[in-house]
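J.: Structure in structure tokens, see below.
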Amino acid sequence: MDSDPVRGVDRRRLLGWGGLTAAGAAAAAAQLADARPGHAAPAPTYPHAVPPDARPGGAYDRYVARLAAEDRFSGAVLLSHRGRTVLSRSYGMADKEKGIRNHQGVAFNLSSAGKPFGAVAVLQLAQRGEVRLSDTVGTYLTGFSREIAEKVTLHHLLSGTSGLDTPAEDLQRVFRSREEVREFYEWWARQSKPVAAPGTPTDHSGAEVTIPALIVEAVTGMTYWDYVEEHVFRRCGMTGTAFSTRPQWLADKHIAHSYMRQADGSRVDAVRHLDRGSPDPLQLGKNPARGFIDPPGDGGFATAPDLVRFAHALADGTVLSRPYAELFTGPKIPLAPQGGGLRGGRTTSADASFGTYMMPVSLIKGQWVYGRAGVNPGSFASWNIYPDTGWVGVILGNYDDVPFQEIIQREMRAVIG
């Protein structure tokens, strides 16, 4: 479980929080149109709506193409403006052994970029009156200590302020079924310990991801994976997005294999080599394919167009009503200032940043930006929504040795200027 505002933060922070984000779903609803057939995009209301750097052949396009030519990027990028695709590029191989190339219909591992879907699931239940964000863990689940069951609320968990600490995951274990994964992570979440009072920021410990997923299961009677696929992915028209299992990852030509950089400089297919792991000190020994399926509340596989569809569904009330969409993206807790200067340096500074539900939100040069990033051995994912101007940016890759922070910064520079 891993992935933070990428305004010049280091890899450790990216693994911990995730994504560039900002509030303002109400503004997004006015700016974005649903990507599904029958939903027309509003026409731009001002001249020069597409900045030169965001256009095909522009600075961002040329930058990604150069990385791909140097074998430093493999994956897909997409820029959409007001429901219209402006830039769509795919590079590299989804499966080198079978000779399958990446394209816009290929799904990539999301890692922590999939965590906000869990928050959406909980907010759907809240919208229907089946849960309250002020309810404590013990309202729905047993087996937790009194300090957790009676004091930690859904709001604490979703906002990353539970005060909980979770033991390290077993990165070497090879799981063989969905049931084994679910049982392990339910047990793992119950090993969490309070290390601070509820309301204290805890940088999204694993329990804060898993426990809300378990509550979704307890309330709906469905597995987390099935509920999110039916009520989030399918509702948004995300037909290429799913919580795929390891056998599906191996067999489906529409899922990109993750290629982990090894200490000797080679890259290895994580799905076909479960005995190999990452040499990255922050994910030492990890191989995401050992999990059989991503843990409840985390991960999944998505295509770039599907993440644009999610952005539009969030804006137009398809997946959440407007008040709950605003609650989802609304600022909850202030985050420390990060980044340098957009104009003169390599980083993208934020005027202000806040934690929200499973993602941070930011004001950058006076514009809201929200989304999420995630990294795993062999993969990288980022989706950003720019509600004030109607842009959505997606970056998906199946290499882990890419300059992912710089790519996100280049996207933002192309869109915001």
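Lettering and numbering for the structure tokens are positional, with chains as A, B, ... in the shown order, residues counted from 1 in each chain, and ligands counted from 1 in the shown order.
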List every residue of stretch 138-254 of chain A that has an atom at most 8 Å from any atom of stretch 280-290 of chain A, and for each one report the closest atom pair and its distance in Å to one decimal, counting only C-alpha atoms, with rows sorted by chain and then by increasing residue number, as JSON lines.

T.:
{"residue": "A:Leu171", "atom": "CA", "partner": "A:Lys286", "partner_atom": "CA", "distance": 5.3}
{"residue": "A:Gln172", "atom": "CA", "partner": "A:Lys286", "partner_atom": "CA", "distance": 7.0}
{"residue": "A:Arg173", "atom": "CA", "partner": "A:Arg290", "partner_atom": "CA", "distance": 6.8}
{"residue": "A:Val174", "atom": "CA", "partner": "A:Arg290", "partner_atom": "CA", "distance": 4.6}
{"residue": "A:Phe175", "atom": "CA", "partner": "A:Arg290", "partner_atom": "CA", "distance": 6.0}
{"residue": "A:Arg246", "atom": "CA", "partner": "A:Ala289", "partner_atom": "CA", "distance": 6.2}

J.: From a DSSP calculation on the backbone, collect every residue of stretch 221-417 of chain A in strand (DSSP E) and output the set as a PyMOL selection string.

T.: chain A and resi 259-261+267-269+301-302+333-334+352-355+360-364+367-376+379-386+391-397

J.: Given the selection you just returned, output its residues as a file containing N, CA and C atoms, formatted as a short mmCIF file (atom, residue, chain, number, x, y, z; two decimals), in the first residue's frame.

T.:
data_model
loop_
_atom_site.label_atom_id
_atom_site.label_comp_id
_atom_site.auth_asym_id
_atom_site.auth_seq_id
_atom_site.Cartn_x
_atom_site.Cartn_y
_atom_site.Cartn_z
N TYR A 259 7.28 -4.02 -15.10
CA TYR A 259 8.69 -4.34 -15.29
C TYR A 259 9.53 -3.62 -14.25
N MET A 260 10.06 -4.41 -13.31
CA MET A 260 10.83 -3.87 -12.19
C MET A 260 12.30 -3.73 -12.58
N ARG A 261 12.86 -2.56 -12.31
CA ARG A 261 14.29 -2.37 -12.50
C ARG A 261 15.03 -3.10 -11.40
N ARG A 267 15.58 -5.11 -16.35
CA ARG A 267 14.18 -5.05 -15.92
C ARG A 267 13.60 -6.45 -15.98
N VAL A 268 12.78 -6.78 -15.00
CA VAL A 268 12.21 -8.12 -14.93
C VAL A 268 10.69 -8.02 -14.85
N ASP A 269 10.00 -8.92 -15.52
CA ASP A 269 8.54 -8.98 -15.50
C ASP A 269 8.09 -9.49 -14.13
N PHE A 301 -6.59 -1.99 -11.53
CA PHE A 301 -6.00 -1.72 -12.83
C PHE A 301 -6.96 -0.83 -13.62
N ALA A 302 -6.45 0.21 -14.27
CA ALA A 302 -7.31 1.13 -15.00
C ALA A 302 -6.66 1.58 -16.29
N ILE A 333 -7.66 18.90 6.31
CA ILE A 333 -6.57 19.30 7.20
C ILE A 333 -5.47 19.96 6.36
N PRO A 334 -4.83 21.01 6.88
CA PRO A 334 -3.75 21.65 6.11
C PRO A 334 -2.52 20.77 6.04
N ALA A 352 -1.49 26.49 -1.53
CA ALA A 352 -1.96 25.86 -0.30
C ALA A 352 -2.32 24.42 -0.61
N SER A 353 -2.11 23.53 0.36
CA SER A 353 -2.43 22.12 0.19
C SER A 353 -3.17 21.60 1.41
N PHE A 354 -4.09 20.67 1.18
CA PHE A 354 -4.91 20.13 2.26
C PHE A 354 -5.10 18.64 2.05
N GLY A 355 -5.25 17.93 3.17
CA GLY A 355 -5.67 16.55 3.09
C GLY A 355 -7.18 16.49 2.98
N PRO A 360 -4.78 14.32 -1.26
CA PRO A 360 -4.62 15.74 -0.96
C PRO A 360 -5.22 16.60 -2.06
N VAL A 361 -5.49 17.85 -1.73
CA VAL A 361 -6.01 18.81 -2.70
C VAL A 361 -5.14 20.06 -2.61
N SER A 362 -4.98 20.74 -3.75
CA SER A 362 -4.04 21.85 -3.78
C SER A 362 -4.55 23.03 -4.59
N LEU A 363 -4.14 24.22 -4.18
CA LEU A 363 -4.27 25.42 -4.98
C LEU A 363 -2.91 25.71 -5.60
N ILE A 364 -2.85 25.74 -6.92
CA ILE A 364 -1.59 25.98 -7.63
C ILE A 364 -1.81 27.13 -8.60
N GLN A 367 -5.38 27.98 -8.99
CA GLN A 367 -6.30 26.98 -9.52
C GLN A 367 -6.34 25.75 -8.62
N TRP A 368 -7.53 25.18 -8.45
CA TRP A 368 -7.64 23.93 -7.74
C TRP A 368 -7.15 22.78 -8.62
N VAL A 369 -6.47 21.84 -8.00
CA VAL A 369 -6.04 20.60 -8.66
C VAL A 369 -6.27 19.46 -7.69
N TYR A 370 -6.92 18.39 -8.16
CA TYR A 370 -7.05 17.23 -7.28
C TYR A 370 -6.91 15.95 -8.07
N GLY A 371 -6.46 14.92 -7.38
CA GLY A 371 -6.19 13.64 -8.02
C GLY A 371 -5.37 12.75 -7.11
N ARG A 372 -4.67 11.80 -7.68
CA ARG A 372 -3.89 10.88 -6.84
C ARG A 372 -2.80 10.23 -7.66
N ALA A 373 -1.68 9.94 -7.03
CA ALA A 373 -0.59 9.21 -7.67
C ALA A 373 -0.26 7.96 -6.86
N GLY A 374 0.34 6.99 -7.50
CA GLY A 374 0.76 5.78 -6.81
C GLY A 374 1.94 5.15 -7.51
N VAL A 375 2.81 4.52 -6.74
CA VAL A 375 3.95 3.81 -7.32
C VAL A 375 4.00 2.41 -6.72
N ASN A 376 4.37 1.46 -7.55
CA ASN A 376 4.60 0.07 -7.15
C ASN A 376 5.84 -0.40 -7.90
N SER A 379 5.60 -0.14 -11.78
CA SER A 379 4.48 0.65 -12.30
C SER A 379 4.42 2.00 -11.63
N PHE A 380 3.70 2.92 -12.29
CA PHE A 380 3.46 4.26 -11.78
C PHE A 380 2.14 4.75 -12.36
N ALA A 381 1.33 5.42 -11.55
CA ALA A 381 0.04 5.93 -12.02
C ALA A 381 -0.24 7.29 -11.42
N SER A 382 -0.86 8.16 -12.21
CA SER A 382 -1.25 9.49 -11.73
C SER A 382 -2.48 9.94 -12.50
N TRP A 383 -3.46 10.49 -11.77
CA TRP A 383 -4.58 11.18 -12.43
C TRP A 383 -4.83 12.49 -11.70
N ASN A 384 -4.96 13.55 -12.48
CA ASN A 384 -5.19 14.88 -11.94
C ASN A 384 -6.40 15.52 -12.61
N ILE A 385 -7.23 16.17 -11.82
CA ILE A 385 -8.40 16.89 -12.31
C ILE A 385 -8.17 18.37 -12.04
N TYR A 386 -8.41 19.20 -13.07
CA TYR A 386 -8.25 20.65 -12.99
C TYR A 386 -9.64 21.27 -13.18
N TRP A 391 -9.77 20.54 -17.35
CA TRP A 391 -8.76 19.59 -17.80
C TRP A 391 -8.73 18.35 -16.92
N VAL A 392 -8.36 17.22 -17.52
CA VAL A 392 -8.03 16.00 -16.80
C VAL A 392 -6.73 15.47 -17.40
N GLY A 393 -5.79 15.11 -16.55
CA GLY A 393 -4.53 14.55 -17.01
C GLY A 393 -4.29 13.18 -16.40
N VAL A 394 -3.88 12.22 -17.23
CA VAL A 394 -3.61 10.86 -16.76
C VAL A 394 -2.23 10.44 -17.25
N ILE A 395 -1.47 9.82 -16.36
CA ILE A 395 -0.17 9.24 -16.71
C ILE A 395 -0.14 7.83 -16.12
N LEU A 396 0.06 6.82 -16.94
CA LEU A 396 0.13 5.43 -16.49
C LEU A 396 1.37 4.79 -17.09
N GLY A 397 2.11 4.04 -16.29
CA GLY A 397 3.33 3.43 -16.80
C GLY A 397 3.59 2.07 -16.21
#

J.: Considering only C-alpha atoms, state which residue in the set A:Ala251, A:Ile148, A:Thr220, A:Pro295 is at the smallest distance from A:Tyr185.

T.: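 Checking each candidate against A:Tyr185, we get A:Pro295 as the closest.
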
J.: Could you pull out the helix (DSSP H, G or I) residues of stretch 35-134 of chain A from DSSP and send them as a PDB file with all heavy atoms, in the first residue's frame?

T.:
ATOM      1  N   PRO A  52      -0.408  26.048 -25.679  1.00  0.00           N
ATOM      2  CA  PRO A  52       0.488  25.426 -26.667  1.00  0.00           C
ATOM      3  C   PRO A  52       1.246  24.221 -26.136  1.00  0.00           C
ATOM      4  O   PRO A  52       1.429  23.237 -26.860  1.00  0.00           O
ATOM      5  CB  PRO A  52       1.428  26.574 -27.044  1.00  0.00           C
ATOM      6  CG  PRO A  52       0.652  27.812 -26.754  1.00  0.00           C
ATOM      7  CD  PRO A  52      -0.199  27.497 -25.556  1.00  0.00           C
ATOM      8  N   ASP A  53       1.682  24.270 -24.881  1.00  0.00           N
ATOM      9  CA  ASP A  53       2.474  23.166 -24.336  1.00  0.00           C
ATOM     10  C   ASP A  53       1.670  21.887 -24.165  1.00  0.00           C
ATOM     11  O   ASP A  53       2.245  20.806 -24.031  1.00  0.00           O
ATOM     12  CB  ASP A  53       3.081  23.564 -22.991  1.00  0.00           C
ATOM     13  CG  ASP A  53       4.237  24.528 -23.131  1.00  0.00           C
ATOM     14  OD1 ASP A  53       4.638  24.814 -24.281  1.00  0.00           O
ATOM     15  OD2 ASP A  53       4.735  25.006 -22.093  1.00  0.00           O
ATOM     16  N   ALA A  54       0.326  21.997 -24.137  1.00  0.00           N
ATOM     17  CA  ALA A  54      -0.519  20.823 -23.943  1.00  0.00           C
ATOM     18  C   ALA A  54      -0.964  20.197 -25.258  1.00  0.00           C
ATOM     19  O   ALA A  54      -1.547  19.116 -25.258  1.00  0.00           O
ATOM     20  CB  ALA A  54      -1.750  21.197 -23.114  1.00  0.00           C
ATOM     21  N   ALA A  59       5.312  21.064 -25.809  1.00  0.00           N
ATOM     22  CA  ALA A  59       6.438  20.748 -24.922  1.00  0.00           C
ATOM     23  C   ALA A  59       6.216  19.460 -24.137  1.00  0.00           C
ATOM     24  O   ALA A  59       7.137  18.650 -23.987  1.00  0.00           O
ATOM     25  CB  ALA A  59       6.689  21.916 -23.972  1.00  0.00           C
ATOM     26  N   TYR A  60       5.002  19.257 -23.627  1.00  0.00           N
ATOM     27  CA  TYR A  60       4.728  18.053 -22.837  1.00  0.00           C
ATOM     28  C   TYR A  60       4.799  16.806 -23.710  1.00  0.00           C
ATOM     29  O   TYR A  60       5.421  15.800 -23.341  1.00  0.00           O
ATOM     30  CB  TYR A  60       3.353  18.177 -22.188  1.00  0.00           C
ATOM     31  CG  TYR A  60       2.931  16.980 -21.382  1.00  0.00           C
ATOM     32  CD1 TYR A  60       3.675  16.553 -20.285  1.00  0.00           C
ATOM     33  CD2 TYR A  60       1.764  16.276 -21.690  1.00  0.00           C
ATOM     34  CE1 TYR A  60       3.281  15.459 -19.532  1.00  0.00           C
ATOM     35  CE2 TYR A  60       1.355  15.189 -20.945  1.00  0.00           C
ATOM     36  CZ  TYR A  60       2.119  14.781 -19.870  1.00  0.00           C
ATOM     37  OH  TYR A  60       1.715  13.690 -19.125  1.00  0.00           O
ATOM     38  N   ASP A  61       4.204  16.866 -24.886  1.00  0.00           N
ATOM     39  CA  ASP A  61       4.227  15.743 -25.827  1.00  0.00           C
ATOM     40  C   ASP A  61       5.662  15.395 -26.201  1.00  0.00           C
ATOM     41  O   ASP A  61       6.066  14.215 -26.194  1.00  0.00           O
ATOM     42  CB  ASP A  61       3.422  16.127 -27.065  1.00  0.00           C
ATOM     43  CG  ASP A  61       3.199  14.961 -28.022  1.00  0.00           C
ATOM     44  OD1 ASP A  61       3.440  13.800 -27.633  1.00  0.00           O
ATOM     45  OD2 ASP A  61       2.772  15.221 -29.161  1.00  0.00           O
ATOM     46  N   ARG A  62       6.457  16.401 -26.502  1.00  0.00           N
ATOM     47  CA  ARG A  62       7.844  16.148 -26.903  1.00  0.00           C
ATOM     48  C   ARG A  62       8.660  15.570 -25.751  1.00  0.00           C
ATOM     49  O   ARG A  62       9.504  14.693 -25.950  1.00  0.00           O
ATOM     50  CB  ARG A  62       8.499  17.449 -27.398  1.00  0.00           C
ATOM     51  CG  ARG A  62       7.859  18.038 -28.653  1.00  0.00           C
ATOM     52  CD  ARG A  62       8.759  19.100 -29.282  1.00  0.00           C
ATOM     53  NE  ARG A  62       9.168  20.130 -28.344  1.00  0.00           N
ATOM     54  CZ  ARG A  62       8.479  21.247 -28.096  1.00  0.00           C
ATOM     55  NH1 ARG A  62       7.317  21.461 -28.728  1.00  0.00           N
ATOM     56  NH2 ARG A  62       8.929  22.139 -27.240  1.00  0.00           N
ATOM     57  N   TYR A  63       8.389  16.032 -24.546  1.00  0.00           N
ATOM     58  CA  TYR A  63       9.122  15.535 -23.378  1.00  0.00           C
ATOM     59  C   TYR A  63       8.864  14.050 -23.155  1.00  0.00           C
ATOM     60  O   TYR A  63       9.803  13.261 -22.987  1.00  0.00           O
ATOM     61  CB  TYR A  63       8.719  16.337 -22.136  1.00  0.00           C
ATOM     62  CG  TYR A  63       9.234  15.761 -20.843  1.00  0.00           C
ATOM     63  CD1 TYR A  63      10.584  15.834 -20.501  1.00  0.00           C
ATOM     64  CD2 TYR A  63       8.365  15.105 -19.975  1.00  0.00           C
ATOM     65  CE1 TYR A  63      11.055  15.285 -19.309  1.00  0.00           C
ATOM     66  CE2 TYR A  63       8.821  14.559 -18.784  1.00  0.00           C
ATOM     67  CZ  TYR A  63      10.170  14.645 -18.467  1.00  0.00           C
ATOM     68  OH  TYR A  63      10.631  14.095 -17.292  1.00  0.00           O
ATOM     69  N   VAL A  64       7.595  13.640 -23.164  1.00  0.00           N
ATOM     70  CA  VAL A  64       7.276  12.232 -22.944  1.00  0.00           C
ATOM     71  C   VAL A  64       7.828  11.374 -24.075  1.00  0.00           C
ATOM     72  O   VAL A  64       8.354  10.279 -23.845  1.00  0.00           O
ATOM     73  CB  VAL A  64       5.756  12.042 -22.791  1.00  0.00           C
ATOM     74  CG1 VAL A  64       5.415  10.559 -22.636  1.00  0.00           C
ATOM     75  CG2 VAL A  64       5.234  12.813 -21.581  1.00  0.00           C
ATOM     76  N   ALA A  65       7.730  11.864 -25.313  1.00  0.00           N
ATOM     77  CA  ALA A  65       8.264  11.114 -26.453  1.00  0.00           C
ATOM     78  C   ALA A  65       9.767  10.907 -26.324  1.00  0.00           C
ATOM     79  O   ALA A  65      10.285   9.829 -26.661  1.00  0.00           O
ATOM     80  CB  ALA A  65       7.941  11.848 -27.755  1.00  0.00           C
ATOM     81  N   ARG A  66      10.472  11.911 -25.826  1.00  0.00           N
ATOM     82  CA  ARG A  66      11.918  11.776 -25.645  1.00  0.00           C
ATOM     83  C   ARG A  66      12.240  10.734 -24.578  1.00  0.00           C
ATOM     84  O   ARG A  66      13.146   9.910 -24.755  1.00  0.00           O
ATOM     85  CB  ARG A  66      12.524  13.124 -25.264  1.00  0.00           C
ATOM     86  CG  ARG A  66      14.051  13.083 -25.157  1.00  0.00           C
ATOM     87  CD  ARG A  66      14.659  14.460 -24.964  1.00  0.00           C
ATOM     88  NE  ARG A  66      14.367  15.036 -23.662  1.00  0.00           N
ATOM     89  CZ  ARG A  66      13.534  16.039 -23.436  1.00  0.00           C
ATOM     90  NH1 ARG A  66      12.861  16.586 -24.448  1.00  0.00           N
ATOM     91  NH2 ARG A  66      13.334  16.505 -22.225  1.00  0.00           N
ATOM     92  N   LEU A  67      11.475  10.733 -23.483  1.00  0.00           N
ATOM     93  CA  LEU A  67      11.685   9.711 -22.457  1.00  0.00           C
ATOM     94  C   LEU A  67      11.472   8.313 -23.025  1.00  0.00           C
ATOM     95  O   LEU A  67      12.249   7.393 -22.756  1.00  0.00           O
ATOM     96  CB  LEU A  67      10.726   9.930 -21.282  1.00  0.00           C
ATOM     97  CG  LEU A  67      10.943  11.143 -20.383  1.00  0.00           C
ATOM     98  CD1 LEU A  67       9.865  11.187 -19.300  1.00  0.00           C
ATOM     99  CD2 LEU A  67      12.332  11.124 -19.747  1.00  0.00           C
ATOM    100  N   ALA A  68      10.413   8.154 -23.807  1.00  0.00           N
ATOM    101  CA  ALA A  68      10.116   6.847 -24.390  1.00  0.00           C
ATOM    102  C   ALA A  68      11.215   6.423 -25.357  1.00  0.00           C
ATOM    103  O   ALA A  68      11.612   5.248 -25.382  1.00  0.00           O
ATOM    104  CB  ALA A  68       8.763   6.890 -25.096  1.00  0.00           C
ATOM    105  N   ALA A  69      11.719   7.356 -26.153  1.00  0.00           N
ATOM    106  CA  ALA A  69      12.781   7.036 -27.110  1.00  0.00           C
ATOM    107  C   ALA A  69      14.052   6.592 -26.393  1.00  0.00           C
ATOM    108  O   ALA A  69      14.827   5.789 -26.924  1.00  0.00           O
ATOM    109  CB  ALA A  69      13.066   8.241 -27.990  1.00  0.00           C
ATOM    110  N   SER A 111      -1.805   0.995  -7.946  1.00  0.00           N
ATOM    111  CA  SER A 111      -1.248   1.137  -6.613  1.00  0.00           C
ATOM    112  C   SER A 111      -2.112   2.120  -5.813  1.00  0.00           C
ATOM    113  O   SER A 111      -3.327   2.046  -5.856  1.00  0.00           O
ATOM    114  CB  SER A 111       0.213   1.585  -6.693  1.00  0.00           C
ATOM    115  OG  SER A 111       0.809   1.620  -5.421  1.00  0.00           O
ATOM    116  N   SER A 112      -1.494   3.086  -5.130  1.00  0.00           N
ATOM    117  CA  SER A 112      -2.260   3.995  -4.279  1.00  0.00           C
ATOM    118  C   SER A 112      -3.157   4.948  -5.043  1.00  0.00           C
ATOM    119  O   SER A 112      -4.019   5.599  -4.444  1.00  0.00           O
ATOM    120  CB  SER A 112      -1.303   4.804  -3.392  1.00  0.00           C
ATOM    121  OG  SER A 112      -0.762   3.986  -2.392  1.00  0.00           O
ATOM    122  N   ALA A 113      -2.975   5.062  -6.355  1.00  0.00           N
ATOM    123  CA  ALA A 113      -3.872   5.912  -7.138  1.00  0.00           C
ATOM    124  C   ALA A 113      -5.292   5.360  -7.162  1.00  0.00           C
ATOM    125  O   ALA A 113      -6.214   6.049  -7.593  1.00  0.00           O
ATOM    126  CB  ALA A 113      -3.345   6.064  -8.563  1.00  0.00           C
ATOM    127  N   GLY A 114      -5.488   4.124  -6.675  1.00  0.00           N
ATOM    128  CA  GLY A 114      -6.823   3.552  -6.588  1.00  0.00           C
ATOM    129  C   GLY A 114      -7.485   3.728  -5.233  1.00  0.00           C
ATOM    130  O   GLY A 114      -8.660   3.369  -5.072  1.00  0.00           O
ATOM    131  N   PRO A 116      -8.664   6.408  -3.610  1.00  0.00           N
ATOM    132  CA  PRO A 116      -9.873   7.243  -3.510  1.00  0.00           C
ATOM    133  C   PRO A 116     -11.167   6.531  -3.863  1.00  0.00           C
ATOM    134  O   PRO A 116     -12.244   6.958  -3.432  1.00  0.00           O
ATOM    135  CB  PRO A 116      -9.576   8.386  -4.501  1.00  0.00           C
ATOM    136  CG  PRO A 116      -8.086   8.493  -4.510  1.00  0.00           C
ATOM    137  CD  PRO A 116      -7.624   7.069  -4.421  1.00  0.00           C
ATOM    138  N   PHE A 117     -11.112   5.439  -4.627  1.00  0.00           N
ATOM    139  CA  PHE A 117     -12.334   4.718  -4.943  1.00  0.00           C
ATOM    140  C   PHE A 117     -12.980   4.152  -3.677  1.00  0.00           C
ATOM    141  O   PHE A 117     -14.208   4.032  -3.599  1.00  0.00           O
ATOM    142  CB  PHE A 117     -12.052   3.592  -5.933  1.00  0.00           C
ATOM    143  CG  PHE A 117     -11.492   4.067  -7.246  1.00  0.00           C
ATOM    144  CD1 PHE A 117     -10.393   3.445  -7.813  1.00  0.00           C
ATOM    145  CD2 PHE A 117     -12.045   5.150  -7.909  1.00  0.00           C
ATOM    146  CE1 PHE A 117      -9.864   3.877  -9.027  1.00  0.00           C
ATOM    147  CE2 PHE A 117     -11.527   5.599  -9.116  1.00  0.00           C
ATOM    148  CZ  PHE A 117     -10.426   4.961  -9.676  1.00  0.00           C
ATOM    149  N   GLY A 118     -12.160   3.810  -2.694  1.00  0.00           N
ATOM    150  CA  GLY A 118     -12.700   3.334  -1.426  1.00  0.00           C
ATOM    151  C   GLY A 118     -13.458   4.422  -0.694  1.00  0.00           C
ATOM    152  O   GLY A 118     -14.508   4.172  -0.085  1.00  0.00           O
ATOM    153  N   ALA A 119     -12.938   5.648  -0.738  1.00  0.00           N
ATOM    154  CA  ALA A 119     -13.642   6.769  -0.117  1.00  0.00           C
ATOM    155  C   ALA A 119     -14.963   7.032  -0.826  1.00  0.00           C
ATOM    156  O   ALA A 119     -15.982   7.326  -0.181  1.00  0.00           O
ATOM    157  CB  ALA A 119     -12.757   8.016  -0.154  1.00  0.00           C
ATOM    158  N   VAL A 120     -14.972   6.928  -2.155  1.00  0.00           N
ATOM    159  CA  VAL A 120     -16.211   7.101  -2.910  1.00  0.00           C
ATOM    160  C   VAL A 120     -17.237   6.054  -2.487  1.00  0.00           C
ATOM    161  O   VAL A 120     -18.429   6.359  -2.311  1.00  0.00           O
ATOM    162  CB  VAL A 120     -15.939   7.030  -4.425  1.00  0.00           C
ATOM    163  CG1 VAL A 120     -17.250   6.953  -5.204  1.00  0.00           C
ATOM    164  CG2 VAL A 120     -15.137   8.234  -4.875  1.00  0.00           C
ATOM    165  N   ALA A 121     -16.799   4.810  -2.304  1.00  0.00           N
ATOM    166  CA  ALA A 121     -17.713   3.750  -1.886  1.00  0.00           C
ATOM    167  C   ALA A 121     -18.352   4.079  -0.540  1.00  0.00           C
ATOM    168  O   ALA A 121     -19.568   3.927  -0.357  1.00  0.00           O
ATOM    169  CB  ALA A 121     -16.970   2.414  -1.821  1.00  0.00           C
ATOM    170  N   VAL A 122     -17.545   4.533   0.418  1.00  0.00           N
ATOM    171  CA  VAL A 122     -18.084   4.880   1.737  1.00  0.00           C
ATOM    172  C   VAL A 122     -19.062   6.047   1.620  1.00  0.00           C
ATOM    173  O   VAL A 122     -20.136   6.052   2.243  1.00  0.00           O
ATOM    174  CB  VAL A 122     -16.940   5.217   2.709  1.00  0.00           C
ATOM    175  CG1 VAL A 122     -17.499   5.788   4.016  1.00  0.00           C
ATOM    176  CG2 VAL A 122     -16.092   3.988   2.995  1.00  0.00           C
ATOM    177  N   LEU A 123     -18.722   7.037   0.816  1.00  0.00           N
ATOM    178  CA  LEU A 123     -19.602   8.198   0.678  1.00  0.00           C
ATOM    179  C   LEU A 123     -20.904   7.829  -0.031  1.00  0.00           C
ATOM    180  O   LEU A 123     -21.944   8.438   0.236  1.00  0.00           O
ATOM    181  CB  LEU A 123     -18.878   9.314  -0.068  1.00  0.00           C
ATOM    182  CG  LEU A 123     -17.760   9.988   0.739  1.00  0.00           C
ATOM    183  CD1 LEU A 123     -16.992  10.977  -0.130  1.00  0.00           C
ATOM    184  CD2 LEU A 123     -18.326  10.699   1.972  1.00  0.00           C
ATOM    185  N   GLN A 124     -20.880   6.851  -0.906  1.00  0.00           N
ATOM    186  CA  GLN A 124     -22.139   6.368  -1.483  1.00  0.00           C
ATOM    187  C   GLN A 124     -23.047   5.791  -0.401  1.00  0.00           C
ATOM    188  O   GLN A 124     -24.259   6.038  -0.392  1.00  0.00           O
ATOM    189  CB  GLN A 124     -21.867   5.310  -2.554  1.00  0.00           C
ATOM    190  CG  GLN A 124     -21.311   5.863  -3.849  1.00  0.00           C
ATOM    191  CD  GLN A 124     -21.064   4.774  -4.884  1.00  0.00           C
ATOM    192  OE1 GLN A 124     -20.971   3.592  -4.539  1.00  0.00           O
ATOM    193  NE2 GLN A 124     -20.954   5.149  -6.148  1.00  0.00           N
ATOM    194  N   LEU A 125     -22.456   5.035   0.518  1.00  0.00           N
ATOM    195  CA  LEU A 125     -23.247   4.476   1.620  1.00  0.00           C
ATOM    196  C   LEU A 125     -23.766   5.587   2.529  1.00  0.00           C
ATOM    197  O   LEU A 125     -24.908   5.539   2.996  1.00  0.00           O
ATOM    198  CB  LEU A 125     -22.403   3.489   2.424  1.00  0.00           C
ATOM    199  CG  LEU A 125     -21.842   2.281   1.671  1.00  0.00           C
ATOM    200  CD1 LEU A 125     -21.070   1.377   2.626  1.00  0.00           C
ATOM    201  CD2 LEU A 125     -22.948   1.505   0.977  1.00  0.00           C
ATOM    202  N   ALA A 126     -22.943   6.597   2.788  1.00  0.00           N
ATOM    203  CA  ALA A 126     -23.376   7.732   3.604  1.00  0.00           C
ATOM    204  C   ALA A 126     -24.502   8.491   2.914  1.00  0.00           C
ATOM    205  O   ALA A 126     -25.483   8.917   3.561  1.00  0.00           O
ATOM    206  CB  ALA A 126     -22.193   8.659   3.868  1.00  0.00           C
ATOM    207  N   GLN A 127     -24.393   8.655   1.620  1.00  0.00           N
ATOM    208  CA  GLN A 127     -25.413   9.353   0.840  1.00  0.00           C
ATOM    209  C   GLN A 127     -26.758   8.637   0.928  1.00  0.00           C
ATOM    210  O   GLN A 127     -27.813   9.267   0.955  1.00  0.00           O
ATOM    211  CB  GLN A 127     -24.932   9.417  -0.608  1.00  0.00           C
ATOM    212  CG  GLN A 127     -25.819  10.144  -1.576  1.00  0.00           C
ATOM    213  CD  GLN A 127     -25.180  10.204  -2.953  1.00  0.00           C
ATOM    214  OE1 GLN A 127     -24.128  10.800  -3.137  1.00  0.00           O
ATOM    215  NE2 GLN A 127     -25.809   9.569  -3.930  1.00  0.00           N
TER     216      GLN A 127
END

J.: Which polymer residues have any atom within 7 Å of an atom of A:Ala256, counting only C-alpha atoms, with same-chain residues fewer than 2 positions away left out, as a list in words?

T.: Ala94, Asp95, Val106, Ala107, Phe108, His254, Ser258 and Asn398 of chain A

J.: So which one's closest to A:Gly317, A:Cys236, A:Lys193, A:Gly83, A:Asp264? Using only C-alpha atoms, please.

T.: A:Cys236

J.: What separation in Å, quoted to one decimal, exists between atom CA of A:Ser145 and atom CA of A:Ala189?

T.: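 Separation of atom CA of A:Ser145 and atom CA of A:Ala189: 11.3 Å.
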
J.: May I ask which of the residues A:Ala196, A:Leu133, A:Ala315, A:Ile211 is the closest one to A:Arg82, counting only C-alpha atoms?

T.: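 Among A:Ala196, A:Leu133, A:Ala315, A:Ile211, it is A:Ala315 that comes nearest to A:Arg82.
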